[in-house]
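Asks: Next up, input.cif (mmCIF, C-alpha atoms).
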```
data_data
loop_
_atom_site.label_atom_id
_atom_site.label_comp_id
_atom_site.auth_asym_id
_atom_site.auth_seq_id
_atom_site.Cartn_x
_atom_site.Cartn_y
_atom_site.Cartn_z
CA MET A 19 27.72 6.59 0.30
CA ASN A 20 27.62 9.66 -1.95
CA ALA A 21 24.57 8.26 -3.75
CA LEU A 22 22.80 7.85 -0.40
CA TYR A 23 23.56 11.45 0.58
CA ILE A 24 22.24 12.74 -2.75
CA ILE A 25 19.04 10.69 -2.48
CA LEU A 26 18.49 11.75 1.14
CA THR A 27 18.95 15.41 0.17
CA GLY A 28 16.38 15.06 -2.59
CA MET A 29 13.99 13.31 -0.22
CA LEU A 30 14.29 16.00 2.45
CA VAL A 31 13.58 18.72 -0.10
CA ALA A 32 10.70 16.71 -1.55
CA VAL A 33 9.05 16.04 1.83
CA SER A 34 9.34 19.65 3.02
CA CYS A 35 8.04 21.06 -0.25
CA SER A 36 5.27 18.46 -0.53
CA ILE A 37 3.90 19.31 2.91
CA LEU A 38 3.91 23.04 2.22
CA GLY A 39 2.74 22.50 -1.35
CA THR A 40 -0.36 20.66 -0.13
CA PHE A 41 -1.56 23.77 1.69
CA LEU A 42 -0.56 26.02 -1.22
CA VAL A 43 -2.59 23.90 -3.65
CA LEU A 44 -5.61 23.68 -1.33
CA ARG A 45 -5.51 27.45 -0.79
CA LYS A 46 -5.23 27.94 -4.57
CA MET A 47 -1.87 29.63 -4.02
CA ALA A 48 0.41 27.25 -5.93
CA MET A 49 1.72 30.03 -8.19
CA VAL A 50 2.45 32.18 -5.14
CA GLY A 51 4.88 29.47 -4.05
CA ASP A 52 6.49 29.67 -7.49
CA ALA A 53 6.70 33.44 -7.20
CA ILE A 54 8.28 33.35 -3.77
CA SER A 55 10.83 30.73 -4.81
CA HIS A 56 12.11 33.22 -7.41
CA ALA A 57 11.43 36.53 -5.68
CA VAL A 58 13.53 35.74 -2.59
CA LEU A 59 16.73 36.21 -4.62
CA PRO A 60 17.06 39.94 -3.76
CA GLY A 61 16.66 39.02 -0.08
CA ILE A 62 19.54 36.55 -0.37
CA VAL A 63 21.76 39.15 -2.04
CA LEU A 64 20.89 41.91 0.42
CA SER A 65 21.53 39.65 3.42
CA PHE A 66 24.95 38.86 1.94
CA PHE A 67 25.76 42.54 1.40
CA ILE A 68 24.66 43.53 4.91
CA THR A 69 26.40 40.72 6.78
CA GLY A 70 29.24 39.94 4.36
CA SER A 71 28.57 36.27 4.98
CA ARG A 72 27.08 33.39 2.99
CA ASP A 73 26.02 31.77 6.26
CA SER A 74 22.72 29.97 5.80
CA ILE A 75 20.98 31.55 8.80
CA TRP A 76 21.33 35.10 7.41
CA MET A 77 20.16 34.02 3.98
CA LEU A 78 17.15 32.31 5.57
CA ILE A 79 16.27 35.52 7.41
CA GLY A 80 16.68 37.61 4.26
CA ALA A 81 14.57 35.16 2.28
CA GLY A 82 11.86 35.07 4.94
CA VAL A 83 11.56 38.85 4.95
CA MET A 84 11.50 38.99 1.15
CA GLY A 85 8.89 36.22 1.03
CA ILE A 86 6.57 38.27 3.23
CA ILE A 87 7.25 41.41 1.17
CA THR A 88 6.43 39.46 -2.01
CA THR A 89 3.11 38.32 -0.53
CA LEU A 90 2.25 41.87 0.56
CA VAL A 91 3.04 43.29 -2.87
CA ILE A 92 0.97 40.62 -4.65
CA GLU A 93 -2.03 41.25 -2.39
CA TRP A 94 -1.67 45.02 -2.69
CA LEU A 95 -1.55 44.90 -6.50
CA HIS A 96 -4.54 42.55 -6.61
CA LYS A 97 -6.71 44.56 -4.20
CA LYS A 98 -5.71 48.12 -5.05
CA THR A 99 -5.52 47.82 -8.84
CA LYS A 100 -7.52 46.13 -11.57
CA LEU A 101 -4.93 43.39 -12.00
CA GLN A 102 -6.06 39.79 -11.60
CA GLU A 103 -4.23 37.73 -8.99
CA ASP A 104 -2.26 35.72 -11.56
CA ALA A 105 -1.14 38.94 -13.27
CA SER A 106 -0.12 40.39 -9.90
CA ILE A 107 1.94 37.28 -9.20
CA GLY A 108 3.60 37.42 -12.62
CA VAL A 109 4.51 41.11 -12.35
CA THR A 110 5.86 40.78 -8.81
CA PHE A 111 8.03 37.70 -9.10
CA THR A 112 9.48 38.52 -12.53
CA PHE A 113 10.48 42.01 -11.37
CA LEU A 114 12.01 40.85 -8.07
CA PHE A 115 13.78 37.88 -9.62
CA ALA A 116 15.21 40.05 -12.41
CA LEU A 117 16.27 42.60 -9.77
CA GLY A 118 18.09 39.88 -7.86
CA VAL A 119 19.88 38.66 -10.99
CA LEU A 120 20.98 42.22 -11.81
CA MET A 121 22.22 42.77 -8.26
CA ILE A 122 24.31 39.62 -8.42
CA SER A 123 25.74 40.29 -11.88
CA TYR A 124 26.58 43.94 -11.11
CA PHE A 125 27.61 44.01 -7.45
CA ALA A 126 28.91 40.46 -6.91
CA LYS A 127 31.06 39.85 -9.99
CA ASN A 128 34.04 38.60 -8.00
CA ILE A 129 32.12 36.84 -5.26
CA ASP A 130 31.08 33.19 -5.05
CA LEU A 131 27.40 33.98 -5.42
CA ASP A 132 25.70 33.58 -8.77
CA GLN A 133 22.29 33.07 -10.39
CA GLU A 134 23.38 29.78 -11.96
CA CYS A 135 23.64 28.26 -8.48
CA VAL A 136 20.22 29.56 -7.51
CA LEU A 137 18.48 28.50 -10.72
CA TYR A 138 19.91 25.05 -11.31
CA GLY A 139 21.84 24.04 -8.20
CA GLU A 140 23.86 20.87 -8.34
CA ILE A 141 22.72 18.14 -6.04
CA ALA A 142 25.65 15.93 -7.12
CA TYR A 143 28.01 18.29 -5.24
CA VAL A 144 26.18 17.91 -1.93
CA PRO A 145 28.63 15.28 -0.51
CA LEU A 146 31.57 17.65 -1.09
CA ASN A 147 30.47 20.34 1.40
CA THR A 148 30.52 18.61 4.77
CA ILE A 149 30.59 19.37 8.49
CA VAL A 150 31.84 17.18 11.30
CA MET A 151 29.30 16.07 13.90
CA GLY A 152 30.90 13.90 16.53
CA SER A 153 32.74 11.21 14.63
CA LEU A 154 30.63 11.61 11.49
CA GLU A 155 31.29 13.80 8.46
CA ILE A 156 27.87 14.77 7.11
CA PRO A 157 26.94 17.02 4.17
CA LYS A 158 26.04 20.49 5.41
CA ALA A 159 22.95 20.63 3.18
CA LEU A 160 21.63 17.42 4.72
CA VAL A 161 21.80 18.87 8.24
CA LEU A 162 20.21 22.18 7.24
CA LEU A 163 17.38 20.53 5.30
CA ALA A 164 16.71 18.11 8.17
CA ILE A 165 16.34 21.05 10.57
CA VAL A 166 14.00 22.85 8.16
CA LEU A 167 11.86 19.71 7.76
CA LEU A 168 11.71 19.24 11.54
CA LEU A 169 10.53 22.84 12.05
CA ILE A 170 7.91 22.57 9.30
CA THR A 171 6.61 19.26 10.66
CA CYS A 172 6.34 20.66 14.19
CA ILE A 173 4.51 23.82 13.06
CA ILE A 174 2.05 21.83 10.94
CA PHE A 175 1.53 19.12 13.59
CA PHE A 176 1.05 21.31 16.67
CA PHE A 177 -1.19 23.82 14.87
CA TYR A 178 -2.97 21.36 12.59
CA LYS A 179 -6.46 22.54 13.60
CA GLU A 180 -5.60 26.15 12.78
CA TRP A 181 -4.20 25.16 9.37
CA VAL A 182 -7.33 23.18 8.54
CA ILE A 183 -9.75 25.94 9.53
CA THR A 184 -7.87 28.77 7.81
CA THR A 185 -7.41 26.66 4.68
CA PHE A 186 -10.95 25.37 4.21
CA ASP A 187 -13.11 28.05 5.86
CA ALA A 188 -11.34 31.38 6.15
CA PRO A 189 -14.54 33.38 6.91
CA TYR A 190 -15.34 31.07 9.84
CA ALA A 191 -11.76 31.35 11.08
CA THR A 192 -12.06 35.14 11.05
CA SER A 193 -15.43 35.01 12.84
CA ILE A 194 -13.94 33.06 15.77
CA GLY A 195 -11.03 35.45 16.13
CA MET A 196 -8.32 33.63 14.18
CA SER A 197 -5.99 35.77 12.10
CA THR A 198 -6.01 34.28 8.61
CA VAL A 199 -3.41 36.86 7.56
CA LEU A 200 -1.00 35.64 10.24
CA TRP A 201 -1.26 32.01 9.13
CA ASN A 202 -0.96 33.04 5.51
CA TYR A 203 2.27 34.94 6.19
CA LEU A 204 3.58 32.08 8.30
CA LEU A 205 3.02 29.71 5.37
CA MET A 206 4.79 32.13 3.01
CA SER A 207 7.70 32.42 5.43
CA MET A 208 8.07 28.65 5.61
CA VAL A 209 8.01 28.46 1.82
CA SER A 210 10.74 31.13 1.70
CA PHE A 211 12.94 29.35 4.26
CA THR A 212 12.54 26.00 2.53
CA THR A 213 13.31 27.53 -0.84
CA VAL A 214 16.55 29.14 0.29
CA ALA A 215 17.66 26.09 2.26
CA SER A 216 17.20 24.06 -0.93
CA PHE A 217 18.62 26.52 -3.47
CA GLU A 218 22.31 25.65 -3.35
CA SER A 219 21.63 21.92 -3.25
CA VAL A 220 18.92 21.41 -5.86
CA GLY A 221 18.14 24.79 -7.45
CA ALA A 222 14.90 26.72 -7.87
CA ILE A 223 13.53 24.58 -10.67
CA LEU A 224 13.33 21.42 -8.59
CA VAL A 225 12.01 23.34 -5.58
CA VAL A 226 9.13 24.71 -7.66
CA ALA A 227 8.41 21.24 -9.04
CA PHE A 228 8.28 19.70 -5.56
CA LEU A 229 6.13 22.56 -4.23
CA VAL A 230 3.43 22.03 -6.83
CA VAL A 231 3.52 18.64 -8.56
CA PRO A 232 3.38 16.00 -5.75
CA ALA A 233 0.63 17.90 -3.92
CA SER A 234 -1.34 18.36 -7.16
CA ALA A 235 -1.00 14.65 -7.97
CA ALA A 236 -2.21 13.71 -4.48
CA TYR A 237 -5.12 16.16 -4.78
CA LEU A 238 -6.36 14.28 -7.84
CA ILE A 239 -6.66 10.91 -6.14
CA THR A 240 -8.06 11.76 -2.71
CA ASP A 241 -10.36 14.28 -1.04
CA SER A 242 -8.99 13.92 2.51
CA LEU A 243 -6.37 16.32 3.86
CA PRO A 244 -4.39 13.69 5.84
CA LYS A 245 -4.39 11.39 2.80
CA THR A 246 -3.40 14.25 0.52
CA LEU A 247 -0.46 15.06 2.79
CA PHE A 248 0.51 11.39 2.94
CA TRP A 249 0.40 10.79 -0.80
CA ALA A 250 2.12 14.09 -1.58
CA VAL A 251 5.03 13.04 0.65
CA VAL A 252 5.09 9.54 -0.86
CA PHE A 253 5.09 10.93 -4.40
CA GLY A 254 7.90 13.33 -3.50
CA ILE A 255 10.02 10.51 -2.09
CA ILE A 256 9.37 8.29 -5.12
CA SER A 257 10.33 11.18 -7.40
CA SER A 258 13.61 11.68 -5.55
CA VAL A 259 14.63 8.02 -5.57
CA GLY A 260 13.36 7.26 -9.07
CA GLY A 261 14.79 10.49 -10.47
CA TYR A 262 18.24 9.76 -9.10
CA TYR A 263 18.46 6.28 -10.56
CA ALA A 264 17.03 7.48 -13.87
CA ALA A 265 19.66 10.23 -14.00
CA ALA A 266 22.41 7.74 -13.19
CA ALA A 267 21.22 5.37 -15.93
CA LEU A 268 20.81 8.07 -18.58
CA ASP A 269 23.73 10.29 -17.46
CA VAL A 270 21.57 13.42 -17.24
CA SER A 271 20.85 16.15 -14.67
CA ILE A 272 19.78 14.67 -11.34
CA SER A 273 17.54 17.61 -10.41
CA GLY A 274 15.97 17.56 -13.87
CA ALA A 275 15.34 13.82 -13.65
CA MET A 276 13.70 14.20 -10.22
CA ALA A 277 11.42 16.96 -11.53
CA ALA A 278 10.57 14.84 -14.58
CA ALA A 279 9.79 11.85 -12.36
CA SER A 280 7.32 13.94 -10.37
CA GLY A 281 5.71 14.97 -13.67
CA LEU A 282 5.32 11.33 -14.70
CA ILE A 283 3.68 10.54 -11.37
CA PHE A 284 1.26 13.42 -11.92
CA ALA A 285 0.45 12.08 -15.40
CA VAL A 286 -0.38 8.65 -13.95
CA CYS A 287 -2.58 10.21 -11.24
CA PHE A 288 -4.30 12.36 -13.86
CA ILE A 289 -5.14 9.30 -15.96
CA LEU A 290 -6.42 7.46 -12.88
CA HIS A 291 -8.52 10.52 -12.00
CA LEU A 292 -10.08 10.60 -15.47
CA VAL A 293 -10.80 6.86 -15.44
CA SER A 294 -12.34 7.08 -11.97
CA LYS A 295 -14.43 10.08 -13.02
CA GLN A 296 -15.67 8.26 -16.12
CA ILE A 297 -16.61 5.17 -14.08
CA ARG A 298 -18.62 7.29 -11.64
CA ARG A 299 -20.46 9.01 -14.48
CA SER A 300 -21.28 5.81 -16.36
CA PRO A 301 -24.86 4.67 -15.66
CA SER A 302 -25.21 1.28 -14.08
CA ILE A 303 -26.39 -1.34 -16.52
CA ILE A 304 -29.04 -3.40 -14.91
CA GLN A 305 -30.19 -6.47 -16.67
CA PRO A 306 -33.95 -7.06 -16.16
CA GLU A 307 -34.66 -10.31 -14.48
CA GLU A 308 -37.17 -12.63 -16.01
CA VAL A 309 -40.12 -12.99 -13.73
CA SER A 310 -42.16 -16.12 -14.12
CA GLU A 311 -45.56 -16.32 -12.65
#
```
Have the structure of the file written as structure tokens, please.

Replies:
Amino acid sequence: MNALYIILTGMLVAVSCSILGTFLVLRKMAMVGDAISHAVLPGIVLSFFITGSRDSIWMLIGAGVMGIITTLVIEWLHKKTKLQEDASIGVTFTFLFALGVLMISYFAKNIDLDQECVLYGEIAYVPLNTIVMGSLEIPKALVLLAIVLLLITCIIFFFYKEWVITTFDAPYATSIGMSTVLWNYLLMSMVSFTTVASFESVGAILVVAFLVVPASAAYLITDSLPKTLFWAVVFGIISSVGGYYAAAALDVSISGAMAAASGLIFAVCFILHLVSKQIRRSPSIIQPEEVSE
């Protein structure tokens, strides 16, 4: 049963991150997702100091606020200075993440809150932290991640048209009165919430991998948004299941194996993309037919 809980946890993280990652990749904001997944650490620490609680809801709120602040700082640096966007991302997330690590190491020495948990997580411990629902004892992380996935799915499904327009044609969206900034910040907030909900279970490294790799792999093999979303989710699920069994067979880190599995899937998709591209470029060889008169 523990193996099932671990696999389900990985799948929930993978599906949530793959859905959000698809829009990040299409908006050319994949590294912003990486930045937010690290930069929310000060928000987690501050929410703990203010409330004195490690309750997930407060950490989600703190992370959401910090995610929006991170996005604002990145945009401000990019627009108001000569820094390129990638440099703005690098400066912002490294500073905020380092600030969060310093806050934990200095102010929370004797408290059960540390950067090791945030960075690496330990998905194998998920079955140990449970809550009772009716007659069932279910891992707390599983319930939280299921709620996050439900919220993400509902927001994407009910506002699908708005996501499509703001993703593929931002100028048109602005011309018809849609606030591209609002949808951008909503996406960043969802990334922040998903990141924090996943931190303690799987760690930041796996979250970043699932935010970028499955969506990038799907992007290589299809040019349709629904298909990209579908394949990104499928690749995330395969990575979770395959990574777990690979980790069990090799006795290695489960989160690391899941991230590595997603990388292997990307490599396969990349090879298929190159082969398909080469086939399309190759001129058709037409054998002349003999014509007898």

Asks: Rounded to one decimal, what separation in Å do you get between atom CA of Ile272 of chain A and atom CA of Met84 of chain A?

Replies: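 Taking atom CA of Ile272 of chain A and atom CA of Met84 of chain A, their separation equals 28.6 Å.
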
Asks: Counting only C-alpha atoms, which residues have an atom no more than 9 Å from (28.9, 16.0, -5.0) in the file's coordinates? Please list them as number ranges by chain.

Replies: A: 20-21, 23-24, 140-147

Asks: Selection in question (the file shown): the PyMOL selection byres ((chain A and resi 61) around 6). Which residues does it include, as JSON, numbers by chain?

Replies: {"A": [58, 59, 60, 62, 63, 64, 80, 81, 84]}

Asks: One decimal, Å: what's the distance from atom CA of Ile92 of chain A over to atom CA of Val226 of chain A, could you say?

Replies: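 Between atom CA of Ile92 of chain A and atom CA of Val226 of chain A the gap is 18.1 Å.
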
Asks: Which one of A:Thr88, A:Thr185, A:Ser36, A:Ser258 sits closest to Thr171 of chain A if you count only C-alpha atoms?

Replies: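 Comparing A:Thr88, A:Thr185, A:Ser36, A:Ser258 against Thr171 of chain A, the winner is A:Ser36.
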
Asks: Any chance you could resolve the PyMOL selection byres ((chain A and resi 195-202) around 12) against this file and give the residues as a CSV table (one decimal) with C-alpha atoms, in the frame of the given file?

Replies:
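Listed below is the output, selection_16.csv:
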```
chain,number,residue,atom,x,y,z
A,38,LEU,CA,3.9,23.0,2.2
A,41,PHE,CA,-1.6,23.8,1.7
A,42,LEU,CA,-0.6,26.0,-1.2
A,45,ARG,CA,-5.5,27.4,-0.8
A,47,MET,CA,-1.9,29.6,-4.0
A,50,VAL,CA,2.4,32.2,-5.1
A,51,GLY,CA,4.9,29.5,-4.0
A,85,GLY,CA,8.9,36.2,1.0
A,86,ILE,CA,6.6,38.3,3.2
A,89,THR,CA,3.1,38.3,-0.5
A,90,LEU,CA,2.2,41.9,0.6
A,93,GLU,CA,-2.0,41.2,-2.4
A,173,ILE,CA,4.5,23.8,13.1
A,174,ILE,CA,2.0,21.8,10.9
A,177,PHE,CA,-1.2,23.8,14.9
A,178,TYR,CA,-3.0,21.4,12.6
A,179,LYS,CA,-6.5,22.5,13.6
A,180,GLU,CA,-5.6,26.2,12.8
A,181,TRP,CA,-4.2,25.2,9.4
A,182,VAL,CA,-7.3,23.2,8.5
A,183,ILE,CA,-9.8,25.9,9.5
A,184,THR,CA,-7.9,28.8,7.8
A,185,THR,CA,-7.4,26.7,4.7
A,186,PHE,CA,-11.0,25.4,4.2
A,187,ASP,CA,-13.1,28.0,5.9
A,188,ALA,CA,-11.3,31.4,6.2
A,189,PRO,CA,-14.5,33.4,6.9
A,190,TYR,CA,-15.3,31.1,9.8
A,191,ALA,CA,-11.8,31.4,11.1
A,192,THR,CA,-12.1,35.1,11.0
A,193,SER,CA,-15.4,35.0,12.8
A,194,ILE,CA,-13.9,33.1,15.8
A,203,TYR,CA,2.3,34.9,6.2
A,204,LEU,CA,3.6,32.1,8.3
A,205,LEU,CA,3.0,29.7,5.4
A,206,MET,CA,4.8,32.1,3.0
A,207,SER,CA,7.7,32.4,5.4
A,208,MET,CA,8.1,28.6,5.6
A,209,VAL,CA,8.0,28.5,1.8
```

Asks: From the options A:Val150, A:Ala32, A:Ile54, A:Ile87, which residue's atoms come nearest to Thr112 of chain A, counting only C-alpha atoms?

Replies: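 Checking each candidate against Thr112 of chain A, we get A:Ile54 as the closest.
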
Asks: Would you fill out segment 151-166 of chain A with N, CA and C atoms and return it as a PDB file, keeping the file's coordinate frame?

Replies:
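Saved as result09.pdb:
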```
ATOM      1  N   MET A 151      30.180  16.184  12.735  1.00  0.00           N
ATOM      2  CA  MET A 151      29.300  16.070  13.900  1.00  0.00           C
ATOM      3  C   MET A 151      29.679  14.816  14.659  1.00  0.00           C
ATOM      4  N   GLY A 152      30.380  15.050  15.776  1.00  0.00           N
ATOM      5  CA  GLY A 152      30.900  13.900  16.530  1.00  0.00           C
ATOM      6  C   GLY A 152      32.000  13.218  15.738  1.00  0.00           C
ATOM      7  N   SER A 153      31.765  11.973  15.425  1.00  0.00           N
ATOM      8  CA  SER A 153      32.740  11.210  14.630  1.00  0.00           C
ATOM      9  C   SER A 153      32.289  11.068  13.177  1.00  0.00           C
ATOM     10  N   LEU A 154      31.177  11.737  12.836  1.00  0.00           N
ATOM     11  CA  LEU A 154      30.630  11.610  11.490  1.00  0.00           C
ATOM     12  C   LEU A 154      30.881  12.872  10.675  1.00  0.00           C
ATOM     13  N   GLU A 155      31.149  12.693   9.393  1.00  0.00           N
ATOM     14  CA  GLU A 155      31.290  13.800   8.460  1.00  0.00           C
ATOM     15  C   GLU A 155      30.064  13.780   7.555  1.00  0.00           C
ATOM     16  N   ILE A 156      29.171  14.756   7.769  1.00  0.00           N
ATOM     17  CA  ILE A 156      27.870  14.770   7.110  1.00  0.00           C
ATOM     18  C   ILE A 156      27.762  15.987   6.208  1.00  0.00           C
ATOM     19  N   PRO A 157      27.157  15.846   5.032  1.00  0.00           N
ATOM     20  CA  PRO A 157      26.940  17.020   4.170  1.00  0.00           C
ATOM     21  C   PRO A 157      26.180  18.119   4.892  1.00  0.00           C
ATOM     22  N   LYS A 158      26.653  19.346   4.751  1.00  0.00           N
ATOM     23  CA  LYS A 158      26.040  20.490   5.410  1.00  0.00           C
ATOM     24  C   LYS A 158      24.585  20.669   4.983  1.00  0.00           C
ATOM     25  N   ALA A 159      24.315  20.461   3.697  1.00  0.00           N
ATOM     26  CA  ALA A 159      22.950  20.630   3.180  1.00  0.00           C
ATOM     27  C   ALA A 159      21.994  19.650   3.841  1.00  0.00           C
ATOM     28  N   LEU A 160      22.471  18.447   4.112  1.00  0.00           N
ATOM     29  CA  LEU A 160      21.630  17.420   4.720  1.00  0.00           C
ATOM     30  C   LEU A 160      21.188  17.850   6.117  1.00  0.00           C
ATOM     31  N   VAL A 161      22.108  18.422   6.879  1.00  0.00           N
ATOM     32  CA  VAL A 161      21.800  18.870   8.240  1.00  0.00           C
ATOM     33  C   VAL A 161      20.806  20.031   8.202  1.00  0.00           C
ATOM     34  N   LEU A 162      21.078  21.009   7.330  1.00  0.00           N
ATOM     35  CA  LEU A 162      20.210  22.180   7.240  1.00  0.00           C
ATOM     36  C   LEU A 162      18.803  21.793   6.815  1.00  0.00           C
ATOM     37  N   LEU A 163      18.695  20.941   5.799  1.00  0.00           N
ATOM     38  CA  LEU A 163      17.380  20.530   5.300  1.00  0.00           C
ATOM     39  C   LEU A 163      16.621  19.690   6.331  1.00  0.00           C
ATOM     40  N   ALA A 164      17.344  18.900   7.112  1.00  0.00           N
ATOM     41  CA  ALA A 164      16.710  18.110   8.170  1.00  0.00           C
ATOM     42  C   ALA A 164      16.119  19.028   9.245  1.00  0.00           C
ATOM     43  N   ILE A 165      16.838  20.089   9.582  1.00  0.00           N
ATOM     44  CA  ILE A 165      16.340  21.050  10.570  1.00  0.00           C
ATOM     45  C   ILE A 165      15.098  21.768  10.046  1.00  0.00           C
ATOM     46  N   VAL A 166      15.154  22.177   8.775  1.00  0.00           N
ATOM     47  CA  VAL A 166      14.000  22.850   8.160  1.00  0.00           C
ATOM     48  C   VAL A 166      12.780  21.935   8.158  1.00  0.00           C
TER      49      VAL A 166
END
```
